[in-house]
$ cat query-v8.cif   # mmCIF, C-alpha atoms, pLDDT in the B column; chains and numbers go by the auth columns
data_coords
#
loop_
_atom_site.group_PDB
_atom_site.id
_atom_site.type_symbol
_atom_site.label_atom_id
_atom_site.label_comp_id
_atom_site.label_asym_id
_atom_site.label_seq_id
_atom_site.Cartn_x
_atom_site.Cartn_y
_atom_site.Cartn_z
_atom_site.B_iso_or_equiv
_atom_site.auth_seq_id
_atom_site.auth_asym_id
ATOM 1 C CA ALA A 1 -11.503 -1.343 -8.578 63.00 28 A
ATOM 2 C CA ARG A 2 -12.452 -4.351 -6.521 70.00 29 A
ATOM 3 C CA SER A 3 -12.379 -3.532 -2.835 79.00 30 A
ATOM 4 C CA PRO A 4 -9.906 -5.304 -0.538 84.00 31 A
ATOM 5 C CA GLY A 5 -10.829 -7.139 2.641 81.00 32 A
ATOM 6 C CA SER A 6 -10.890 -5.734 6.156 88.00 33 A
ATOM 7 C CA SER A 7 -7.920 -7.703 7.537 89.00 34 A
ATOM 8 C CA TRP A 8 -4.784 -5.796 6.561 90.00 35 A
ATOM 9 C CA ARG A 9 -1.081 -6.583 6.608 89.00 36 A
ATOM 10 C CA MET A 10 0.980 -3.378 6.675 90.00 37 A
ATOM 11 C CA ASP A 11 4.712 -2.935 6.219 88.00 38 A
ATOM 12 C CA GLU A 12 7.212 -0.443 4.904 89.00 39 A
ATOM 13 C CA THR A 13 10.114 -1.061 2.554 86.00 40 A
ATOM 14 C CA ALA A 14 13.146 1.102 1.886 84.00 41 A
ATOM 15 C CA VAL A 15 13.463 2.809 -1.506 85.00 42 A
ATOM 16 C CA GLY A 16 16.511 4.727 -2.655 83.00 43 A
ATOM 17 C CA VAL A 17 15.858 8.257 -3.884 85.00 44 A
ATOM 18 C CA ARG A 18 18.869 10.390 -4.859 84.00 45 A
ATOM 19 C CA GLY A 19 21.144 8.229 -2.743 81.00 46 A
ATOM 20 C CA GLY A 20 18.997 8.657 0.379 84.00 47 A
ATOM 21 C CA ARG A 21 16.633 6.260 2.057 87.00 48 A
ATOM 22 C CA HIS A 22 12.893 6.783 1.795 89.00 49 A
ATOM 23 C CA TYR A 23 10.131 4.415 2.825 91.00 50 A
ATOM 24 C CA LEU A 24 7.224 3.047 0.857 90.00 51 A
ATOM 25 C CA TYR A 25 4.377 2.198 3.242 92.00 52 A
ATOM 26 C CA ARG A 26 2.130 -0.507 1.799 90.00 53 A
ATOM 27 C CA ALA A 27 -0.812 -2.569 2.968 90.00 54 A
ATOM 28 C CA VAL A 28 -2.438 -5.660 1.491 89.00 55 A
ATOM 29 C CA ASP A 29 -5.374 -7.684 2.730 89.00 56 A
ATOM 30 C CA ARG A 30 -5.028 -11.297 3.810 86.00 57 A
ATOM 31 C CA HIS A 31 -5.610 -12.527 0.257 85.00 58 A
ATOM 32 C CA GLY A 32 -2.884 -10.306 -1.189 84.00 59 A
ATOM 33 C CA LYS A 33 -5.082 -7.555 -2.668 86.00 60 A
ATOM 34 C CA SER A 34 -3.407 -4.166 -2.449 85.00 61 A
ATOM 35 C CA VAL A 35 -5.052 -1.693 -0.081 89.00 62 A
ATOM 36 C CA ALA A 36 -2.853 1.403 -0.339 89.00 63 A
ATOM 37 C CA SER A 37 0.701 2.677 -0.689 89.00 64 A
ATOM 38 C CA LEU A 38 2.404 5.918 0.303 92.00 65 A
ATOM 39 C CA LEU A 39 5.989 7.098 -0.129 91.00 66 A
ATOM 40 C CA CYS A 40 7.365 8.916 2.930 92.00 67 A
ATOM 41 C CA SER A 41 10.761 10.389 3.709 91.00 68 A
ATOM 42 C CA ASP A 42 11.109 8.634 7.087 91.00 69 A
ATOM 43 C CA ARG A 43 9.718 5.916 9.392 91.00 70 A
ATOM 44 C CA THR A 44 8.124 8.134 12.007 93.00 71 A
ATOM 45 C CA MET A 45 4.841 8.022 13.851 94.00 72 A
ATOM 46 C CA GLU A 46 3.542 10.890 11.687 95.00 73 A
ATOM 47 C CA ALA A 47 4.354 8.989 8.495 94.00 74 A
ATOM 48 C CA ALA A 48 2.478 5.916 9.743 94.00 75 A
ATOM 49 C CA GLN A 49 -0.509 8.040 10.735 95.00 76 A
ATOM 50 C CA ALA A 50 -0.518 9.755 7.330 95.00 77 A
ATOM 51 C CA PHE A 51 -0.516 6.348 5.642 94.00 78 A
ATOM 52 C CA PHE A 52 -3.449 5.039 7.696 94.00 79 A
ATOM 53 C CA ARG A 53 -5.467 8.236 7.233 94.00 80 A
ATOM 54 C CA MET A 54 -4.878 8.074 3.488 93.00 81 A
ATOM 55 C CA ALA A 55 -5.723 4.358 3.297 92.00 82 A
ATOM 56 C CA VAL A 56 -9.104 4.624 5.047 92.00 83 A
ATOM 57 C CA GLY A 57 -9.942 7.807 3.137 91.00 84 A
ATOM 58 C CA GLN A 58 -9.871 6.081 -0.262 88.00 85 A
ATOM 59 C CA ASP A 59 -13.081 5.160 -2.054 85.00 86 A
ATOM 60 C CA GLY A 60 -13.931 1.468 -1.939 84.00 87 A
ATOM 61 C CA VAL A 61 -11.586 0.634 0.938 87.00 88 A
ATOM 62 C CA PRO A 62 -13.461 -0.781 3.939 87.00 89 A
ATOM 63 C CA TRP A 63 -12.553 0.218 7.476 91.00 90 A
ATOM 64 C CA PRO A 64 -10.075 -2.353 8.819 92.00 91 A
ATOM 65 C CA GLU A 65 -11.114 -4.835 11.486 93.00 92 A
ATOM 66 C CA LYS A 66 -7.579 -6.173 12.031 92.00 93 A
ATOM 67 C CA ILE A 67 -4.191 -4.754 11.131 92.00 94 A
ATOM 68 C CA ASN A 68 -1.024 -6.785 11.358 90.00 95 A
ATOM 69 C CA VAL A 69 2.109 -4.629 11.565 89.00 96 A
ATOM 70 C CA ASP A 70 5.797 -5.317 12.073 86.00 97 A
ATOM 71 C CA GLY A 71 7.727 -4.449 15.218 82.00 98 A
ATOM 72 C CA ASN A 72 8.263 -0.768 14.371 84.00 99 A
ATOM 73 C CA SER A 73 7.307 1.073 17.563 89.00 100 A
ATOM 74 C CA ALA A 74 6.470 4.280 15.652 91.00 101 A
ATOM 75 C CA THR A 75 3.703 2.453 13.785 90.00 102 A
ATOM 76 C CA HIS A 76 2.225 1.038 16.996 91.00 103 A
ATOM 77 C CA ARG A 77 2.335 4.431 18.694 93.00 104 A
ATOM 78 C CA GLY A 78 0.791 6.114 15.645 92.00 105 A
ATOM 79 C CA LEU A 79 -2.137 3.680 15.710 92.00 106 A
ATOM 80 C CA ARG A 80 -2.676 4.280 19.449 92.00 107 A
ATOM 81 C CA LEU A 81 -2.769 8.049 18.878 93.00 108 A
ATOM 82 C CA LEU A 82 -5.155 7.615 15.943 93.00 109 A
ATOM 83 C CA ALA A 83 -7.512 5.822 18.355 91.00 110 A
ATOM 84 C CA ILE A 84 -7.576 8.976 20.493 92.00 111 A
ATOM 85 C CA GLU A 85 -8.204 11.141 17.435 91.00 112 A
ATOM 86 C CA ASP A 86 -10.954 8.970 15.889 90.00 113 A
ATOM 87 C CA ARG A 87 -12.973 6.492 17.971 91.00 114 A
ATOM 88 C CA ARG A 88 -13.355 4.065 15.060 92.00 115 A
ATOM 89 C CA TRP A 89 -9.681 3.128 15.415 92.00 116 A
ATOM 90 C CA GLN A 90 -10.383 1.775 18.919 91.00 117 A
ATOM 91 C CA ASP A 91 -12.297 -1.160 17.412 91.00 118 A
ATOM 92 C CA VAL A 92 -9.365 -2.151 15.178 92.00 119 A
ATOM 93 C CA ALA A 93 -7.363 -5.116 16.470 92.00 120 A
ATOM 94 C CA VAL A 94 -3.641 -4.379 16.076 90.00 121 A
ATOM 95 C CA ARG A 95 -1.354 -7.414 15.955 88.00 122 A
ATOM 96 C CA ALA A 96 2.387 -7.855 15.576 86.00 123 A
ATOM 97 C CA ARG A 97 2.900 -11.361 14.216 80.00 124 A
ATOM 98 C CA HIS A 98 5.816 -11.723 11.840 76.00 125 A
ATOM 99 C CA TYR A 99 4.529 -14.812 10.049 75.00 126 A
ATOM 100 C CA LEU A 100 1.303 -13.018 9.071 73.00 127 A
ATOM 101 C CA ASN A 101 3.282 -10.276 7.336 71.00 128 A
ATOM 102 C CA ASN A 102 4.754 -12.754 4.839 76.00 129 A
ATOM 103 C CA VAL A 103 1.950 -11.804 2.443 73.00 130 A
ATOM 104 C CA VAL A 104 3.008 -8.160 2.290 80.00 131 A
ATOM 105 C CA GLU A 105 6.717 -8.999 2.337 74.00 132 A
ATOM 106 C CA GLN A 106 6.255 -11.163 -0.764 74.00 133 A
ATOM 107 C CA ASP A 107 4.137 -8.448 -2.349 76.00 134 A
ATOM 108 C CA HIS A 108 7.035 -5.975 -1.919 72.00 135 A
ATOM 109 C CA ARG A 109 8.977 -8.162 -4.318 74.00 136 A
ATOM 110 C CA ALA A 110 7.133 -6.872 -7.379 75.00 137 A
ATOM 111 C CA ILE A 111 7.964 -3.278 -6.460 75.00 138 A
ATOM 112 C CA LYS A 112 11.608 -4.083 -5.706 76.00 139 A
ATOM 113 C CA GLN A 113 12.035 -6.044 -8.947 75.00 140 A
ATOM 114 C CA ARG A 114 10.772 -3.117 -11.009 75.00 141 A
ATOM 115 C CA CYS A 115 12.933 -0.585 -9.123 71.00 142 A
ATOM 116 C CA ALA A 116 16.142 -2.648 -9.321 68.00 143 A
ATOM 117 C CA PRO A 117 16.914 -2.142 -13.042 67.00 144 A
ATOM 118 C CA MET A 118 16.141 1.589 -12.865 70.00 145 A
ATOM 119 C CA TRP A 119 19.145 3.880 -12.754 67.00 146 A
ATOM 120 C CA GLY A 120 17.785 5.472 -9.632 69.00 147 A
ATOM 121 C CA LEU A 121 14.980 7.771 -8.693 79.00 148 A
ATOM 122 C CA LYS A 122 16.208 11.358 -8.825 81.00 149 A
ATOM 123 C CA THR A 123 13.534 13.342 -6.978 85.00 150 A
ATOM 124 C CA PHE A 124 10.926 12.534 -4.374 87.00 151 A
ATOM 125 C CA ARG A 125 8.136 13.623 -6.744 89.00 152 A
ATOM 126 C CA SER A 126 9.328 11.450 -9.637 84.00 153 A
ATOM 127 C CA ALA A 127 9.807 8.531 -7.239 85.00 154 A
ATOM 128 C CA ALA A 128 6.234 8.892 -5.947 87.00 155 A
ATOM 129 C CA ILE A 129 4.862 8.970 -9.516 86.00 156 A
ATOM 130 C CA ALA A 130 6.973 6.012 -10.684 83.00 157 A
ATOM 131 C CA LEU A 131 6.075 3.906 -7.640 84.00 158 A
ATOM 132 C CA ALA A 132 2.365 4.724 -8.016 84.00 159 A
ATOM 133 C CA SER A 133 2.539 3.583 -11.645 81.00 160 A
ATOM 134 C CA ILE A 134 4.324 0.360 -10.677 80.00 161 A
ATOM 135 C CA GLU A 135 1.742 -0.218 -7.951 81.00 162 A
ATOM 136 C CA LEU A 136 -1.097 0.313 -10.452 81.00 163 A
ATOM 137 C CA ALA A 137 0.437 -2.159 -12.913 79.00 164 A
ATOM 138 C CA HIS A 138 0.834 -4.644 -10.050 76.00 165 A
ATOM 139 C CA ARG A 139 -2.852 -4.249 -9.104 80.00 166 A
ATOM 140 C CA ILE A 140 -3.902 -4.811 -12.713 79.00 167 A
ATOM 141 C CA ARG A 141 -1.728 -7.933 -12.863 77.00 168 A
ATOM 142 C CA LYS A 142 -3.355 -9.208 -9.637 78.00 169 A
ATOM 143 C CA GLN A 143 -6.765 -8.664 -11.317 74.00 170 A
ATOM 144 C CA GLN A 144 -7.990 -6.112 -8.793 73.00 171 A
ATOM 145 C CA TYR A 145 -9.599 -4.109 -11.570 68.00 172 A
ATOM 146 C CA SER A 146 -12.491 -5.370 -13.646 63.00 173 A
ATOM 147 C CA LEU A 147 -11.532 -3.985 -17.027 60.00 174 A
ATOM 148 C CA PRO A 148 -13.347 -4.288 -20.346 60.00 175 A
ATOM 149 C CA THR A 149 -12.277 -6.988 -22.750 63.00 176 A
ATOM 150 C CA GLY A 150 -10.653 -6.189 -26.046 61.00 177 A
ATOM 151 C CA VAL A 151 -11.647 -7.089 -29.586 58.00 178 A
ATOM 152 C CA GLY A 152 -13.228 -10.533 -29.964 62.00 179 A
ATOM 153 C CA GLY A 153 -13.667 -11.044 -26.212 63.00 180 A
ATOM 154 C CA ARG A 154 -9.914 -11.290 -25.628 65.00 181 A
ATOM 155 C CA ALA A 155 -8.300 -9.586 -22.665 63.00 182 A
ATOM 156 C CA CYS A 156 -6.753 -6.160 -23.178 67.00 183 A
ATOM 157 C CA SER A 157 -2.996 -5.759 -23.113 70.00 184 A
ATOM 158 C CA LEU A 158 -1.343 -4.424 -19.962 65.00 185 A
ATOM 159 C CA LYS A 159 -0.765 -1.107 -21.760 72.00 186 A
ATOM 160 C CA ASP A 160 -4.480 -0.753 -22.628 72.00 187 A
ATOM 161 C CA SER A 161 -5.545 -1.890 -19.144 66.00 188 A
ATOM 162 C CA ARG A 162 -3.268 0.675 -17.514 68.00 189 A
ATOM 163 C CA ALA A 163 -4.681 3.444 -19.710 72.00 190 A
ATOM 164 C CA VAL A 164 -8.268 2.514 -18.756 69.00 191 A
ATOM 165 C CA ALA A 165 -7.372 2.262 -15.057 66.00 192 A
ATOM 166 C CA LEU A 166 -5.636 5.658 -15.100 68.00 193 A
ATOM 167 C CA VAL A 167 -8.683 7.271 -16.687 67.00 194 A
ATOM 168 C CA ASP A 168 -11.000 5.577 -14.148 61.00 195 A
ATOM 169 C CA SER A 169 -8.835 6.540 -11.162 56.00 196 A
ATOM 170 C CA SER A 170 -8.682 10.203 -12.173 52.00 197 A
ATOM 171 C CA VAL A 171 -12.483 10.583 -12.117 45.00 198 A
ATOM 172 C CA PRO A 172 -13.701 11.575 -8.609 43.00 199 A
#
$ encode --input "query-v8.cif" --output "structure tokens"
Amino acid sequence: ARSPGSSWRMDETAVGVRGGRHYLYRAVDRHGKSVASLLCSDRTMEAAQAFFRMAVGQDGVPWPEKINVDGNSATHRGLRLLAIEDRRWQDVAVRARHYLNNVVEQDHRAIKQRCAPMWGLKTFRSAAIALASIELAHRIRKQQYSLPTGVGGRACSLKDSRAVALVDSSVP
């Protein structure tokens, strides 16, 4: 996978699971490359901290220099407490500018469009798997993976690209 930049835009979007509201935390860099995504059951400080810990713990993801977040106070408080826990978070500039989050808001569209025709996500586990698959397909479409070409130098189909990316992502 091609690594994203160090200036992140982070936001959460509501996803319906078994009639309840769950939240998909997502981050993209300033050019629209996906950084990470995590499905959580609520919008708490702990959920935001879990997302940021998971995002920086991934291979190939650089430590953020700037993070633009929305006005959710739990996210801001979670980042402040992360700075106490790990000193590297103190060097991260945290901003709350709505116009900068347009990149991630538009990127949510692809997830929402794929979830809309579904009959509904029945369990939290199946929702997490389905959303991870949609996110992977979206990353392939945005050309964040350098995948091998098919027969005759032509590009592989989305189905073949997804299969290669799933095999590559399962290898530690």
$ closest_residue --input "query-v8.cif" --among "A:Glu39, A:Ile156, A:Ser184, A:Arg80" --to "Ala110 in chain A" --atoms "all atoms listed in the file"
A:Arg80
$ resolve_selection --input "query-v8.cif" --expression "the PyMOL selection byres ((chain A and resi 86-102) around 8)" --output "ChimeraX atom specification"
/A:28-38,62,70-72,75-76,82-85,103-106,118-125,127-128
$ atom_distance --input "query-v8.cif" --atom1 "CA of Ile167 in chain A" --atom2 "CA of Asp187 in chain A"
10.7 Å
$ atom_distance --input "query-v8.cif" --atom1 "CA of Phe79 in chain A" --atom2 "CA of Tyr50 in chain A"
14.4 Å
$ axis_aligned_box --input "query-v8.cif" --around "range 120-129 of chain A" --padding-each-side "6 Å" --output "AutoDock Vina command-line options"
--center_x -0.8 --center_y -9.6 --center_z 10.7 --size_x 25.2 --size_y 22.4 --size_z 23.6
$ closest_residue --input "query-v8.cif" --among "A:Leu51, A:Ala63, A:Leu109, A:Ala74" --to "Leu163 in chain A" --atoms "all atoms listed in the file"
A:Ala63
$ closest_residue --input "query-v8.cif" --among "A:Leu108, A:Ser64, A:Val130, A:Val55" --to "Ile161 in chain A" --atoms "all atoms listed in the file"
A:Ser64
$ closest_residue --input "query-v8.cif" --among "A:Leu65, A:Ile111, A:Ala54, A:Ala41" --to "Arg152 in chain A" --atoms "only C-alpha atoms"
A:Leu65
$ decode --input "query-v8.cif" --residues "range 70-98 of chain A" --atoms "N, CA, C and O atoms" --output "PDB file, in the first residue's frame"
ATOM      1  N   ARG A  70     -19.599   7.559  20.334  1.00  0.00           N
ATOM      2  CA  ARG A  70     -18.688   8.681  20.034  1.00  0.00           C
ATOM      3  C   ARG A  70     -18.067   9.198  21.322  1.00  0.00           C
ATOM      4  O   ARG A  70     -18.201  10.360  21.673  1.00  0.00           O
ATOM      5  N   THR A  71     -17.344   8.354  22.004  1.00  0.00           N
ATOM      6  CA  THR A  71     -16.747   8.743  23.278  1.00  0.00           C
ATOM      7  C   THR A  71     -15.261   9.041  23.098  1.00  0.00           C
ATOM      8  O   THR A  71     -14.677   8.784  22.044  1.00  0.00           O
ATOM      9  N   MET A  72     -14.686   9.541  24.170  1.00  0.00           N
ATOM     10  CA  MET A  72     -13.260   9.835  24.194  1.00  0.00           C
ATOM     11  C   MET A  72     -12.456   8.549  24.006  1.00  0.00           C
ATOM     12  O   MET A  72     -11.456   8.531  23.285  1.00  0.00           O
ATOM     13  N   GLU A  73     -12.908   7.457  24.607  1.00  0.00           N
ATOM     14  CA  GLU A  73     -12.204   6.175  24.486  1.00  0.00           C
ATOM     15  C   GLU A  73     -12.225   5.655  23.055  1.00  0.00           C
ATOM     16  O   GLU A  73     -11.249   5.082  22.578  1.00  0.00           O
ATOM     17  N   ALA A  74     -13.341   5.865  22.364  1.00  0.00           N
ATOM     18  CA  ALA A  74     -13.437   5.428  20.968  1.00  0.00           C
ATOM     19  C   ALA A  74     -12.476   6.226  20.092  1.00  0.00           C
ATOM     20  O   ALA A  74     -11.801   5.661  19.225  1.00  0.00           O
ATOM     21  N   ALA A  75     -12.390   7.532  20.328  1.00  0.00           N
ATOM     22  CA  ALA A  75     -11.462   8.365  19.556  1.00  0.00           C
ATOM     23  C   ALA A  75     -10.014   7.961  19.832  1.00  0.00           C
ATOM     24  O   ALA A  75      -9.202   7.866  18.907  1.00  0.00           O
ATOM     25  N   GLN A  76      -9.700   7.698  21.091  1.00  0.00           N
ATOM     26  CA  GLN A  76      -8.345   7.276  21.432  1.00  0.00           C
ATOM     27  C   GLN A  76      -8.017   5.926  20.787  1.00  0.00           C
ATOM     28  O   GLN A  76      -6.914   5.737  20.284  1.00  0.00           O
ATOM     29  N   ALA A  77      -8.962   5.006  20.800  1.00  0.00           N
ATOM     30  CA  ALA A  77      -8.741   3.701  20.169  1.00  0.00           C
ATOM     31  C   ALA A  77      -8.481   3.862  18.678  1.00  0.00           C
ATOM     32  O   ALA A  77      -7.604   3.193  18.109  1.00  0.00           O
ATOM     33  N   PHE A  78      -9.219   4.774  18.035  1.00  0.00           N
ATOM     34  CA  PHE A  78      -9.002   5.013  16.610  1.00  0.00           C
ATOM     35  C   PHE A  78      -7.595   5.551  16.353  1.00  0.00           C
ATOM     36  O   PHE A  78      -6.891   5.060  15.475  1.00  0.00           O
ATOM     37  N   PHE A  79      -7.170   6.554  17.114  1.00  0.00           N
ATOM     38  CA  PHE A  79      -5.852   7.143  16.887  1.00  0.00           C
ATOM     39  C   PHE A  79      -4.729   6.165  17.197  1.00  0.00           C
ATOM     40  O   PHE A  79      -3.729   6.119  16.481  1.00  0.00           O
ATOM     41  N   ARG A  80      -4.878   5.377  18.250  1.00  0.00           N
ATOM     42  CA  ARG A  80      -3.865   4.355  18.555  1.00  0.00           C
ATOM     43  C   ARG A  80      -3.758   3.348  17.413  1.00  0.00           C
ATOM     44  O   ARG A  80      -2.672   2.939  17.027  1.00  0.00           O
ATOM     45  N   MET A  81      -4.908   2.919  16.903  1.00  0.00           N
ATOM     46  CA  MET A  81      -4.923   1.952  15.815  1.00  0.00           C
ATOM     47  C   MET A  81      -4.316   2.550  14.543  1.00  0.00           C
ATOM     48  O   MET A  81      -3.546   1.902  13.842  1.00  0.00           O
ATOM     49  N   ALA A  82      -4.635   3.806  14.258  1.00  0.00           N
ATOM     50  CA  ALA A  82      -4.160   4.448  13.032  1.00  0.00           C
ATOM     51  C   ALA A  82      -2.637   4.581  13.016  1.00  0.00           C
ATOM     52  O   ALA A  82      -2.001   4.276  12.009  1.00  0.00           O
ATOM     53  N   VAL A  83      -2.039   5.019  14.113  1.00  0.00           N
ATOM     54  CA  VAL A  83      -0.582   5.195  14.132  1.00  0.00           C
ATOM     55  C   VAL A  83       0.148   3.868  14.287  1.00  0.00           C
ATOM     56  O   VAL A  83       1.341   3.787  14.008  1.00  0.00           O
ATOM     57  N   GLY A  84      -0.563   2.826  14.698  1.00  0.00           N
ATOM     58  CA  GLY A  84       0.052   1.516  14.870  1.00  0.00           C
ATOM     59  C   GLY A  84       0.131   0.702  13.585  1.00  0.00           C
ATOM     60  O   GLY A  84       0.751  -0.351  13.554  1.00  0.00           O
ATOM     61  N   GLN A  85      -0.485   1.167  12.514  1.00  0.00           N
ATOM     62  CA  GLN A  85      -0.469   0.443  11.249  1.00  0.00           C
ATOM     63  C   GLN A  85       0.872   0.604  10.550  1.00  0.00           C
ATOM     64  O   GLN A  85       1.528   1.642  10.667  1.00  0.00           O
ATOM     65  N   ASP A  86       1.254  -0.432   9.804  1.00  0.00           N
ATOM     66  CA  ASP A  86       2.476  -0.363   9.005  1.00  0.00           C
ATOM     67  C   ASP A  86       2.292   0.619   7.856  1.00  0.00           C
ATOM     68  O   ASP A  86       1.241   0.640   7.219  1.00  0.00           O
ATOM     69  N   GLY A  87       3.304   1.416   7.591  1.00  0.00           N
ATOM     70  CA  GLY A  87       3.283   2.325   6.457  1.00  0.00           C
ATOM     71  C   GLY A  87       2.548   3.629   6.688  1.00  0.00           C
ATOM     72  O   GLY A  87       2.448   4.442   5.787  1.00  0.00           O
ATOM     73  N   VAL A  88       2.010   3.830   7.881  1.00  0.00           N
ATOM     74  CA  VAL A  88       1.307   5.080   8.183  1.00  0.00           C
ATOM     75  C   VAL A  88       2.253   5.964   8.984  1.00  0.00           C
ATOM     76  O   VAL A  88       2.667   5.600  10.083  1.00  0.00           O
ATOM     77  N   PRO A  89       2.607   7.132   8.444  1.00  0.00           N
ATOM     78  CA  PRO A  89       3.525   8.016   9.173  1.00  0.00           C
ATOM     79  C   PRO A  89       2.828   8.674  10.366  1.00  0.00           C
ATOM     80  O   PRO A  89       1.607   8.791  10.394  1.00  0.00           O
ATOM     81  N   TRP A  90       3.626   9.078  11.332  1.00  0.00           N
ATOM     82  CA  TRP A  90       3.084   9.786  12.491  1.00  0.00           C
ATOM     83  C   TRP A  90       2.533  11.123  12.004  1.00  0.00           C
ATOM     84  O   TRP A  90       3.173  11.814  11.217  1.00  0.00           O
ATOM     85  N   PRO A  91       1.344  11.513  12.441  1.00  0.00           N
ATOM     86  CA  PRO A  91       0.759  12.758  11.932  1.00  0.00           C
ATOM     87  C   PRO A  91       1.471  13.999  12.461  1.00  0.00           C
ATOM     88  O   PRO A  91       1.932  14.023  13.604  1.00  0.00           O
ATOM     89  N   GLU A  92       1.582  15.003  11.605  1.00  0.00           N
ATOM     90  CA  GLU A  92       2.092  16.304  12.031  1.00  0.00           C
ATOM     91  C   GLU A  92       0.934  17.224  12.400  1.00  0.00           C
ATOM     92  O   GLU A  92       1.028  18.017  13.327  1.00  0.00           O
ATOM     93  N   LYS A  93      -0.165  17.117  11.619  1.00  0.00           N
ATOM     94  CA  LYS A  93      -1.365  17.918  11.856  1.00  0.00           C
ATOM     95  C   LYS A  93      -2.578  17.011  11.739  1.00  0.00           C
ATOM     96  O   LYS A  93      -2.624  16.140  10.881  1.00  0.00           O
ATOM     97  N   ILE A  94      -3.550  17.251  12.600  1.00  0.00           N
ATOM     98  CA  ILE A  94      -4.819  16.534  12.528  1.00  0.00           C
ATOM     99  C   ILE A  94      -5.928  17.566  12.591  1.00  0.00           C
ATOM    100  O   ILE A  94      -5.984  18.376  13.511  1.00  0.00           O
ATOM    101  N   ASN A  95      -6.791  17.540  11.594  1.00  0.00           N
ATOM    102  CA  ASN A  95      -7.960  18.404  11.610  1.00  0.00           C
ATOM    103  C   ASN A  95      -9.163  17.555  12.014  1.00  0.00           C
ATOM    104  O   ASN A  95      -9.417  16.517  11.416  1.00  0.00           O
ATOM    105  N   VAL A  96      -9.857  17.965  13.060  1.00  0.00           N
ATOM    106  CA  VAL A  96     -11.012  17.225  13.561  1.00  0.00           C
ATOM    107  C   VAL A  96     -12.227  18.143  13.561  1.00  0.00           C
ATOM    108  O   VAL A  96     -12.103  19.360  13.435  1.00  0.00           O
ATOM    109  N   ASP A  97     -13.407  17.548  13.734  1.00  0.00           N
ATOM    110  CA  ASP A  97     -14.616  18.355  13.822  1.00  0.00           C
ATOM    111  C   ASP A  97     -14.769  18.895  15.242  1.00  0.00           C
ATOM    112  O   ASP A  97     -13.837  18.826  16.039  1.00  0.00           O
ATOM    113  N   GLY A  98     -15.922  19.393  15.570  1.00  0.00           N
ATOM    114  CA  GLY A  98     -16.123  20.028  16.871  1.00  0.00           C
ATOM    115  C   GLY A  98     -16.469  19.086  18.001  1.00  0.00           C
ATOM    116  O   GLY A  98     -16.845  19.542  19.082  1.00  0.00           O
TER     117      GLY A  98
END
